[in-house]
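Asker: Handing you a structure now.
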Amino acid sequence: MAIKSITLPDIGNYENTPVIEVLISPGDRVEKEDSLITLESDKATMEIPSPYSGEIKKVLVKMDDTVNQGDLIAEIDAEEESEAPAEKASEEAPTQEAEEPQAEPEKPAQAPVEEKVSEPAAPAAPPAQAPVNRQGAGAKFHASPSVRLFARKLGVDLANVTGSGPKGRIVQEDVEGAIKKVMEGVAKGGAATGAGIPPLPEIDFSQFGEIEERPLSRIKKLSGRHLSTAWLNIPHVTQFDETDITELEAFRKSLKPRAEKAGIKMTPLVFVLKALAHVLREFPNMNASLAPDGENLIVKKYINLGVAVDTPNGLVVPVVRDVDQKGIFELSEELMAISARARDGKLTGEDLTGGTFSVSSLGGIGGTQFTPIVNGPEVGILGVSKASMQPVWNGSEFVPRLMLPLALSYDHRVIDGAEGARFMTTLSRTLTDLRELML
Ligand code: CAO
């Protein structure tokens, strides 16, 4: 065994070539011709092979370094029998080479593996997704340049791919398998997502401590699929506001004895539903769905509001129909009935379809704001948080007012920011002064 230096061989007409991968760490055992580093020029990626078998002692390059012929790459404790025909070993006595100054430049045991990038006009900068494939020193995946190129073109992060080739080398089939897995996830509507979005890494959490695997409820699986689809397809904007509902609350309290007599629970939410129905008439684009081809807006002349209900098995969104045509008492009764049916798992298919806009209220629980996800293919959803008494400046003094936090999420392909803000302002005005409902 002898310590030898490994230098960058002649790689052709390239200068200052970036190192995109360092495949070795000190202490690694390598065989002659194993890849040590990968370089990437504007036209090619190249793996630089080891001229010796042995143990790596020092790694002298790192990711994103630029290298030239003759630069030191590593030091290796090389096995005696390894011969590097033209590589000059640091401890070797200057024998023949010293006597032959006209000798050819040093050559590695094997020429670097070079792979042309297929598009000759490719820009000097690597493709946008290249960084995800780059690994720091000591990265353990091995793959040929063609497989790296294949993965890079498809946006697959090789760090997440298990190699099935010799010594765990990643082959093209492994990359194809990784893509297939993601696509299957999309087809099943699972956590895996489409649009080239890489899946989250699979981690064995038991290596960090005790775990327990619990199956998701059927409702959670269904709502999860629907939420992922909406989140991925709809460019969301969320507009926040705080609405003065002091007078509304006084009115609600004044109605409470009548409601209780009728066996009805009247919460602030029914007033929100009523005000929403009124404002949706004024903003028909918000009571609509984008046609699947994205060319037209389907405006609905009926106002059916989906109300998110928290049940022991997960979130469901039953629909309260024709809200604009119903009074506060009728709406309260209906909301009570439909949320009871939801919690008892007794909703019918009809209860769950036909919504035109949705509301999600966490006001009975707490929190100052949250961003609801649009219940696609609807266009908007209103999030309602818990009202609280706050000091509000009335122009001459601070006065205590009951403020209700609202968050309106909408599909930005349909609703412009100004329209969203106008909708919110109109809704806010209506809730602050319920006389608006008569106009
Ligand atoms: N501010 C202050 N208090 C509020 C309030 C608000 N915005 N909204 C409700 N409250 C009060 C109610 O008045 C009631 O108090 P009283 O009993 O003293 O009158 C209490 O909070 C509980 O109300 P509630 O939650 O039972 O009734 P609701 O009409 O407000 O809501 C329902 C009904 C079905 C929407 C609700 O029970 C529910 O399931 N909410 C969760 C929805 C959800 O999970 N959304 C998240 C979806 S995204 O994951």
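Residues in the structure tokens are named by chain (A, B, ... in the order shown) and by number from 1 within that chain; ligands are numbered from 1 in the order shown.
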Got a sec: who's within 6 Å of range 25-38 of chain A, counting only C-alpha atoms, leaving out chain neighbours fewer than 4 positions off, as number ranges by chain?
Answerer: A: 19-21, 46-58, 138
Asker: Give as a PyMOL selection string the residues surrounding ligand 1 up to a distance of 6 Å, considering only C-alpha atoms and all ligand atoms.
Answerer: chain A and resi 267-269+308-310+339+360-364+384-387
Asker: Taking into account only C-alpha atoms, which residue in the set A:Val320, A:Leu382, A:Ala277, A:Ile365 is nearest to Leu437 in chain A?
Answerer: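 Residue with the minimum atom-to-atom distance to Leu437 in chain A: A:Ala277.
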Asker: Quick one: distance from CA of Thr17 in chain A to CA of Thr66 in chain A in Å, one decimal?
Answerer: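 Computed distance, CA of Thr17 in chain A to CA of Thr66 in chain A, equals 4.9 Å.
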Asker: What's around Met266 in chain A at 9 Å? Count only C-alpha atoms, leave out sequence neighbours fewer than 5 positions away in its own chain, and write the answer as a PDB file with N, CA, C and O atoms, in the first residue's frame.
Answerer:
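Generated file (around.pdb):
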ATOM      1  N   ARG A 252     -78.514  39.340  17.855  1.00  0.00           N
ATOM      2  CA  ARG A 252     -78.564  37.878  18.064  1.00  0.00           C
ATOM      3  C   ARG A 252     -78.992  37.571  19.498  1.00  0.00           C
ATOM      4  O   ARG A 252     -79.849  36.721  19.737  1.00  0.00           O
ATOM      5  N   LYS A 253     -78.417  38.307  20.440  1.00  0.00           N
ATOM      6  CA  LYS A 253     -78.756  38.061  21.847  1.00  0.00           C
ATOM      7  C   LYS A 253     -80.233  38.375  22.106  1.00  0.00           C
ATOM      8  O   LYS A 253     -80.906  37.667  22.869  1.00  0.00           O
ATOM      9  N   LEU A 255     -82.590  37.965  20.090  1.00  0.00           N
ATOM     10  CA  LEU A 255     -83.431  36.913  19.483  1.00  0.00           C
ATOM     11  C   LEU A 255     -83.318  35.581  20.231  1.00  0.00           C
ATOM     12  O   LEU A 255     -84.126  34.674  20.007  1.00  0.00           O
ATOM     13  N   LYS A 256     -82.298  35.485  21.076  1.00  0.00           N
ATOM     14  CA  LYS A 256     -81.993  34.200  21.723  1.00  0.00           C
ATOM     15  C   LYS A 256     -83.190  33.586  22.474  1.00  0.00           C
ATOM     16  O   LYS A 256     -83.466  32.381  22.298  1.00  0.00           O
ATOM     17  N   ALA A 259     -85.457  32.049  20.061  1.00  0.00           N
ATOM     18  CA  ALA A 259     -84.837  30.875  19.441  1.00  0.00           C
ATOM     19  C   ALA A 259     -84.872  29.690  20.399  1.00  0.00           C
ATOM     20  O   ALA A 259     -85.228  28.561  20.011  1.00  0.00           O
ATOM     21  N   GLU A 260     -84.535  29.955  21.645  1.00  0.00           N
ATOM     22  CA  GLU A 260     -84.515  28.868  22.636  1.00  0.00           C
ATOM     23  C   GLU A 260     -85.907  28.271  22.809  1.00  0.00           C
ATOM     24  O   GLU A 260     -86.069  27.058  22.939  1.00  0.00           O
ATOM     25  N   PHE A 271     -75.915  34.320  10.641  1.00  0.00           N
ATOM     26  CA  PHE A 271     -75.948  35.701  10.124  1.00  0.00           C
ATOM     27  C   PHE A 271     -74.911  35.858   9.004  1.00  0.00           C
ATOM     28  O   PHE A 271     -75.136  36.566   8.025  1.00  0.00           O
ATOM     29  N   ILE A 328     -83.463  33.800   9.199  1.00  0.00           N
ATOM     30  CA  ILE A 328     -82.459  33.405  10.186  1.00  0.00           C
ATOM     31  C   ILE A 328     -82.908  32.188  11.014  1.00  0.00           C
ATOM     32  O   ILE A 328     -82.109  31.286  11.294  1.00  0.00           O
ATOM     33  N   PHE A 329     -84.206  32.140  11.363  1.00  0.00           N
ATOM     34  CA  PHE A 329     -84.680  31.007  12.172  1.00  0.00           C
ATOM     35  C   PHE A 329     -84.607  29.707  11.369  1.00  0.00           C
ATOM     36  O   PHE A 329     -84.149  28.685  11.853  1.00  0.00           O
ATOM     37  N   LEU A 331     -82.784  29.073   8.803  1.00  0.00           N
ATOM     38  CA  LEU A 331     -81.381  28.707   8.539  1.00  0.00           C
ATOM     39  C   LEU A 331     -80.745  28.070   9.774  1.00  0.00           C
ATOM     40  O   LEU A 331     -79.993  27.096   9.672  1.00  0.00           O
ATOM     41  N   SER A 332     -81.057  28.631  10.953  1.00  0.00           N
ATOM     42  CA  SER A 332     -80.490  28.073  12.188  1.00  0.00           C
ATOM     43  C   SER A 332     -80.942  26.626  12.372  1.00  0.00           C
ATOM     44  O   SER A 332     -80.138  25.745  12.710  1.00  0.00           O
ATOM     45  N   GLU A 333     -82.224  26.415  12.149  1.00  0.00           N
ATOM     46  CA  GLU A 333     -82.778  25.073  12.308  1.00  0.00           C
ATOM     47  C   GLU A 333     -82.104  24.095  11.343  1.00  0.00           C
ATOM     48  O   GLU A 333     -81.713  22.987  11.715  1.00  0.00           O
ATOM     49  N   MET A 336     -78.473  23.360  12.302  1.00  0.00           N
ATOM     50  CA  MET A 336     -78.422  22.415  13.425  1.00  0.00           C
ATOM     51  C   MET A 336     -78.661  20.986  12.932  1.00  0.00           C
ATOM     52  O   MET A 336     -77.953  20.055  13.311  1.00  0.00           O
TER      53      MET A 336
END
Asker: Quick one: distance from CA of Leu154 in chain A to CA of Ile179 in chain A in Å, one decimal?
Answerer: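 A separation of 8.5 Å between them.
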Asker: Running DSSP on the backbone, which parts of range 22-59 of chain A land in strand (DSSP E), as an MDAnalysis selection string?
Answerer: chainID A and resid 22 29:30 35:40 44:49 54:59
Asker: Using N, CA and C atoms, can you write the selected residues to a file as a PDB file, in the first residue's frame?
Answerer:
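The result, stored in part_11.pdb:
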ATOM      1  N   VAL A  22     -19.638  14.749  -5.692  1.00  0.00           N
ATOM      2  CA  VAL A  22     -18.455  14.127  -5.100  1.00  0.00           C
ATOM      3  C   VAL A  22     -18.929  12.801  -4.535  1.00  0.00           C
ATOM      4  N   ARG A  29     -13.726   2.742   0.521  1.00  0.00           N
ATOM      5  CA  ARG A  29     -12.917   1.793  -0.260  1.00  0.00           C
ATOM      6  C   ARG A  29     -13.384   1.914  -1.710  1.00  0.00           C
ATOM      7  N   VAL A  30     -12.458   2.109  -2.624  1.00  0.00           N
ATOM      8  CA  VAL A  30     -12.846   2.174  -4.044  1.00  0.00           C
ATOM      9  C   VAL A  30     -12.046   1.155  -4.843  1.00  0.00           C
ATOM     10  N   SER A  35     -16.175   5.454 -10.026  1.00  0.00           N
ATOM     11  CA  SER A  35     -16.273   6.906 -10.221  1.00  0.00           C
ATOM     12  C   SER A  35     -15.948   7.643  -8.918  1.00  0.00           C
ATOM     13  N   LEU A  36     -15.201   8.734  -9.043  1.00  0.00           N
ATOM     14  CA  LEU A  36     -14.809   9.527  -7.872  1.00  0.00           C
ATOM     15  C   LEU A  36     -15.614  10.809  -7.779  1.00  0.00           C
ATOM     16  N   ILE A  37     -15.688  11.520  -8.907  1.00  0.00           N
ATOM     17  CA  ILE A  37     -16.443  12.771  -8.954  1.00  0.00           C
ATOM     18  C   ILE A  37     -17.151  12.855 -10.306  1.00  0.00           C
ATOM     19  N   THR A  38     -18.142  13.727 -10.372  1.00  0.00           N
ATOM     20  CA  THR A  38     -18.796  13.996 -11.656  1.00  0.00           C
ATOM     21  C   THR A  38     -18.611  15.465 -11.991  1.00  0.00           C
ATOM     22  N   LEU A  39     -18.247  15.722 -13.229  1.00  0.00           N
ATOM     23  CA  LEU A  39     -18.091  17.093 -13.705  1.00  0.00           C
ATOM     24  C   LEU A  39     -19.196  17.372 -14.709  1.00  0.00           C
ATOM     25  N   GLU A  40     -19.546  18.627 -14.819  1.00  0.00           N
ATOM     26  CA  GLU A  40     -20.568  18.970 -15.812  1.00  0.00           C
ATOM     27  C   GLU A  40     -20.151  20.230 -16.551  1.00  0.00           C
ATOM     28  N   ALA A  44     -21.563  18.444 -21.599  1.00  0.00           N
ATOM     29  CA  ALA A  44     -21.416  17.046 -21.214  1.00  0.00           C
ATOM     30  C   ALA A  44     -21.288  16.887 -19.716  1.00  0.00           C
ATOM     31  N   THR A  45     -21.662  15.686 -19.234  1.00  0.00           N
ATOM     32  CA  THR A  45     -21.324  15.324 -17.864  1.00  0.00           C
ATOM     33  C   THR A  45     -20.284  14.217 -17.934  1.00  0.00           C
ATOM     34  N   MET A  46     -19.348  14.219 -17.010  1.00  0.00           N
ATOM     35  CA  MET A  46     -18.248  13.246 -17.043  1.00  0.00           C
ATOM     36  C   MET A  46     -18.014  12.698 -15.665  1.00  0.00           C
ATOM     37  N   GLU A  47     -17.873  11.390 -15.575  1.00  0.00           N
ATOM     38  CA  GLU A  47     -17.468  10.793 -14.307  1.00  0.00           C
ATOM     39  C   GLU A  47     -15.974  10.527 -14.369  1.00  0.00           C
ATOM     40  N   ILE A  48     -15.286  10.897 -13.327  1.00  0.00           N
ATOM     41  CA  ILE A  48     -13.829  10.696 -13.310  1.00  0.00           C
ATOM     42  C   ILE A  48     -13.544   9.428 -12.510  1.00  0.00           C
ATOM     43  N   PRO A  49     -12.963   8.429 -13.177  1.00  0.00           N
ATOM     44  CA  PRO A  49     -12.739   7.146 -12.505  1.00  0.00           C
ATOM     45  C   PRO A  49     -11.444   7.127 -11.693  1.00  0.00           C
ATOM     46  N   GLY A  54      -8.157   0.970  -3.588  1.00  0.00           N
ATOM     47  CA  GLY A  54      -7.577   1.287  -2.290  1.00  0.00           C
ATOM     48  C   GLY A  54      -8.535   2.070  -1.417  1.00  0.00           C
ATOM     49  N   GLU A  55      -7.959   2.697  -0.375  1.00  0.00           N
ATOM     50  CA  GLU A  55      -8.802   3.445   0.567  1.00  0.00           C
ATOM     51  C   GLU A  55      -8.561   4.941   0.396  1.00  0.00           C
ATOM     52  N   ILE A  56      -9.647   5.681   0.255  1.00  0.00           N
ATOM     53  CA  ILE A  56      -9.528   7.137   0.090  1.00  0.00           C
ATOM     54  C   ILE A  56      -9.070   7.744   1.418  1.00  0.00           C
ATOM     55  N   LYS A  57      -8.013   8.528   1.363  1.00  0.00           N
ATOM     56  CA  LYS A  57      -7.484   9.163   2.577  1.00  0.00           C
ATOM     57  C   LYS A  57      -7.956  10.613   2.687  1.00  0.00           C
ATOM     58  N   LYS A  58      -7.892  11.313   1.567  1.00  0.00           N
ATOM     59  CA  LYS A  58      -8.300  12.722   1.588  1.00  0.00           C
ATOM     60  C   LYS A  58      -9.102  13.015   0.332  1.00  0.00           C
ATOM     61  N   VAL A  59     -10.138  13.854   0.473  1.00  0.00           N
ATOM     62  CA  VAL A  59     -10.864  14.326  -0.704  1.00  0.00           C
ATOM     63  C   VAL A  59     -10.525  15.797  -0.846  1.00  0.00           C
TER      64      VAL A  59
END
Asker: With a distance cut-off of 8 Å and only C-alpha atoms, select the neighbouring residues of Asn68 in chain A, excluding the residue or stretch itself and same-chain residues fewer than 6 positions from it, and output the selection as a list in words.
Answerer: Leu8, Tyr14, Glu15, Asn16 and Thr17 of chain A
Asker: Would you export the selected residues with all heavy atoms as an mmCIF file, in the first residue's frame, please?
Answerer:
data_model
loop_
_atom_site.group_PDB
_atom_site.id
_atom_site.type_symbol
_atom_site.label_atom_id
_atom_site.label_comp_id
_atom_site.auth_asym_id
_atom_site.auth_seq_id
_atom_site.Cartn_x
_atom_site.Cartn_y
_atom_site.Cartn_z
ATOM 1 N N LEU A 8 -6.691 15.313 -11.807
ATOM 2 C CA LEU A 8 -7.666 15.299 -12.906
ATOM 3 C C LEU A 8 -6.934 15.026 -14.215
ATOM 4 O O LEU A 8 -6.010 15.758 -14.579
ATOM 5 C CB LEU A 8 -8.405 16.640 -12.987
ATOM 6 C CG LEU A 8 -9.591 16.626 -13.946
ATOM 7 C CD1 LEU A 8 -10.739 15.792 -13.373
ATOM 8 C CD2 LEU A 8 -10.084 18.041 -14.228
ATOM 9 N N TYR A 14 -11.820 21.281 -22.017
ATOM 10 C CA TYR A 14 -12.645 21.946 -21.008
ATOM 11 C C TYR A 14 -11.764 22.620 -19.976
ATOM 12 O O TYR A 14 -10.741 22.078 -19.566
ATOM 13 C CB TYR A 14 -13.564 20.941 -20.304
ATOM 14 C CG TYR A 14 -14.557 20.294 -21.230
ATOM 15 C CD1 TYR A 14 -14.480 18.938 -21.510
ATOM 16 C CD2 TYR A 14 -15.563 21.047 -21.817
ATOM 17 C CE1 TYR A 14 -15.385 18.343 -22.368
ATOM 18 C CE2 TYR A 14 -16.474 20.455 -22.682
ATOM 19 C CZ TYR A 14 -16.385 19.095 -22.959
ATOM 20 O OH TYR A 14 -17.284 18.509 -23.801
ATOM 21 N N GLU A 15 -12.185 23.797 -19.559
ATOM 22 C CA GLU A 15 -11.466 24.513 -18.498
ATOM 23 C C GLU A 15 -12.437 24.918 -17.423
ATOM 24 O O GLU A 15 -13.609 25.188 -17.698
ATOM 25 C CB GLU A 15 -10.809 25.776 -19.078
ATOM 26 C CG GLU A 15 -9.546 25.445 -19.852
ATOM 27 C CD GLU A 15 -8.836 26.691 -20.334
ATOM 28 O OE1 GLU A 15 -9.307 27.797 -20.050
ATOM 29 O OE2 GLU A 15 -7.807 26.525 -20.989
ATOM 30 N N ASN A 16 -11.953 24.986 -16.212
ATOM 31 C CA ASN A 16 -12.780 25.410 -15.069
ATOM 32 C C ASN A 16 -14.134 24.696 -15.065
ATOM 33 O O ASN A 16 -15.189 25.314 -15.072
ATOM 34 C CB ASN A 16 -13.000 26.928 -15.089
ATOM 35 C CG ASN A 16 -11.684 27.670 -14.998
ATOM 36 O OD1 ASN A 16 -10.778 27.222 -14.297
ATOM 37 N ND2 ASN A 16 -11.566 28.769 -15.714
ATOM 38 N N THR A 17 -14.058 23.387 -15.107
ATOM 39 C CA THR A 17 -15.290 22.596 -15.192
ATOM 40 C C THR A 17 -15.874 22.388 -13.790
ATOM 41 O O THR A 17 -15.157 21.970 -12.878
ATOM 42 C CB THR A 17 -14.985 21.223 -15.837
ATOM 43 O OG1 THR A 17 -14.197 21.467 -16.992
ATOM 44 C CG2 THR A 17 -16.250 20.507 -16.224
#
Asker: Return the single residue from A:Thr246, A:Thr311, A:Asp65, A:Pro201 that is closest to Arg401 in chain A, with distances computed using only C-alpha atoms.
Answerer: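 Among A:Thr246, A:Thr311, A:Asp65, A:Pro201, it is A:Thr246 that comes nearest to Arg401 in chain A.
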Asker: Nearest to Gly294 in chain A among A:Gly395, A:Pro377, A:Gly327, A:Gly383, with distances taken over only C-alpha atoms: which residue is it?
Answerer: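 Going through A:Gly395, A:Pro377, A:Gly327, A:Gly383 one by one, the smallest distance to Gly294 in chain A is for A:Pro377.
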Asker: Please, which residues of range 237-392 of chain A, numbered as in this document, come out helix (DSSP H, G or I) from DSSP, as an MDAnalysis selection string?
Answerer: chainID A and resid 246:261 268:282 284:286 323:325 328:343 350:352
Asker: Please list as a PDB file with C-alpha atoms, in the first residue's frame every residue within 12 Å of His278 in chain A, counting only C-alpha atoms and excluding residues in the same chain fewer than 2 positions away.
Answerer:
ATOM      1  CA  PHE A 271     -75.948  35.701  10.124  1.00  0.00           C
ATOM      2  CA  VAL A 272     -72.741  35.212   8.144  1.00  0.00           C
ATOM      3  CA  LEU A 273     -74.551  32.768   5.841  1.00  0.00           C
ATOM      4  CA  LYS A 274     -77.417  35.211   5.312  1.00  0.00           C
ATOM      5  CA  ALA A 275     -75.082  38.148   4.631  1.00  0.00           C
ATOM      6  CA  LEU A 276     -72.991  36.017   2.251  1.00  0.00           C
ATOM      7  CA  LEU A 280     -73.069  36.765  -3.633  1.00  0.00           C
ATOM      8  CA  ARG A 281     -76.017  38.193  -5.592  1.00  0.00           C
ATOM      9  CA  GLU A 282     -74.009  41.368  -6.057  1.00  0.00           C
ATOM     10  CA  PHE A 283     -70.828  39.442  -6.990  1.00  0.00           C
ATOM     11  CA  PRO A 284     -72.045  36.613  -9.268  1.00  0.00           C
ATOM     12  CA  MET A 286     -67.945  34.441  -6.784  1.00  0.00           C
ATOM     13  CA  ASN A 287     -71.010  32.164  -7.081  1.00  0.00           C
ATOM     14  CA  TYR A 302     -79.028  29.658  -7.068  1.00  0.00           C
ATOM     15  CA  ILE A 303     -77.163  30.169  -3.798  1.00  0.00           C
ATOM     16  CA  ASN A 304     -76.346  26.964  -1.953  1.00  0.00           C
ATOM     17  CA  LEU A 305     -73.736  27.316   0.764  1.00  0.00           C
ATOM     18  CA  ASP A 322     -81.298  28.464  -1.281  1.00  0.00           C
ATOM     19  CA  VAL A 323     -79.855  30.465   1.607  1.00  0.00           C
ATOM     20  CA  ASP A 324     -80.968  33.734   0.019  1.00  0.00           C
ATOM     21  CA  GLN A 325     -84.588  32.638   0.299  1.00  0.00           C
ATOM     22  CA  LYS A 326     -84.553  31.624   3.961  1.00  0.00           C
ATOM     23  CA  GLY A 327     -84.808  33.550   7.223  1.00  0.00           C
ATOM     24  CA  PHE A 423     -66.473  41.453  -2.046  1.00  0.00           C
ATOM     25  CA  THR A 426     -69.270  44.625   1.033  1.00  0.00           C
ATOM     26  CA  LEU A 427     -69.658  41.540   3.195  1.00  0.00           C
ATOM     27  CA  SER A 428     -68.067  43.347   6.105  1.00  0.00           C
ATOM     28  CA  ARG A 429     -70.381  46.338   5.690  1.00  0.00           C
ATOM     29  CA  THR A 430     -73.415  44.024   5.585  1.00  0.00           C
ATOM     30  CA  LEU A 431     -72.418  42.213   8.781  1.00  0.00           C
ATOM     31  CA  LEU A 434     -77.690  44.197   8.872  1.00  0.00           C
ATOM     32  CA  ARG A 435     -80.066  46.814   7.413  1.00  0.00           C
ATOM     33  CA  GLU A 436     -77.980  46.375   4.238  1.00  0.00           C
ATOM     34  CA  LEU A 437     -79.866  43.097   3.754  1.00  0.00           C
ATOM     35  CA  MET A 438     -83.017  45.054   2.962  1.00  0.00           C
ATOM     36  CA  LEU A 439     -81.468  47.062   0.159  1.00  0.00           C
TER      37      LEU A 439
END
Asker: To one decimal in Å, tell me the separation between CA of Lys221 in chain A and CA of Pro372 in chain A.
Answerer: 18.2 Å
Asker: Between A:Gln207, A:Gln390, A:Ser146, A:Gln69, which is the closest to Asn13 in chain A once you count only C-alpha atoms?
Answerer: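 Closest to Asn13 in chain A of all the choices is A:Gln69.
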Asker: Which residue gives the smallest distance to Thr432 in chain A among A:Thr368, A:Ala250, A:Ser228, A:Phe398, with only C-alpha atoms counted?
Answerer: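 Closest residue, counting only C-alpha atoms: A:Ala250.
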Asker: Point out the residue among A:Gln239, A:Gly349, A:Gly177, A:Glu378 with the least atom-to-atom distance to Val414 in chain A, counting only C-alpha atoms.
Answerer: A:Glu378
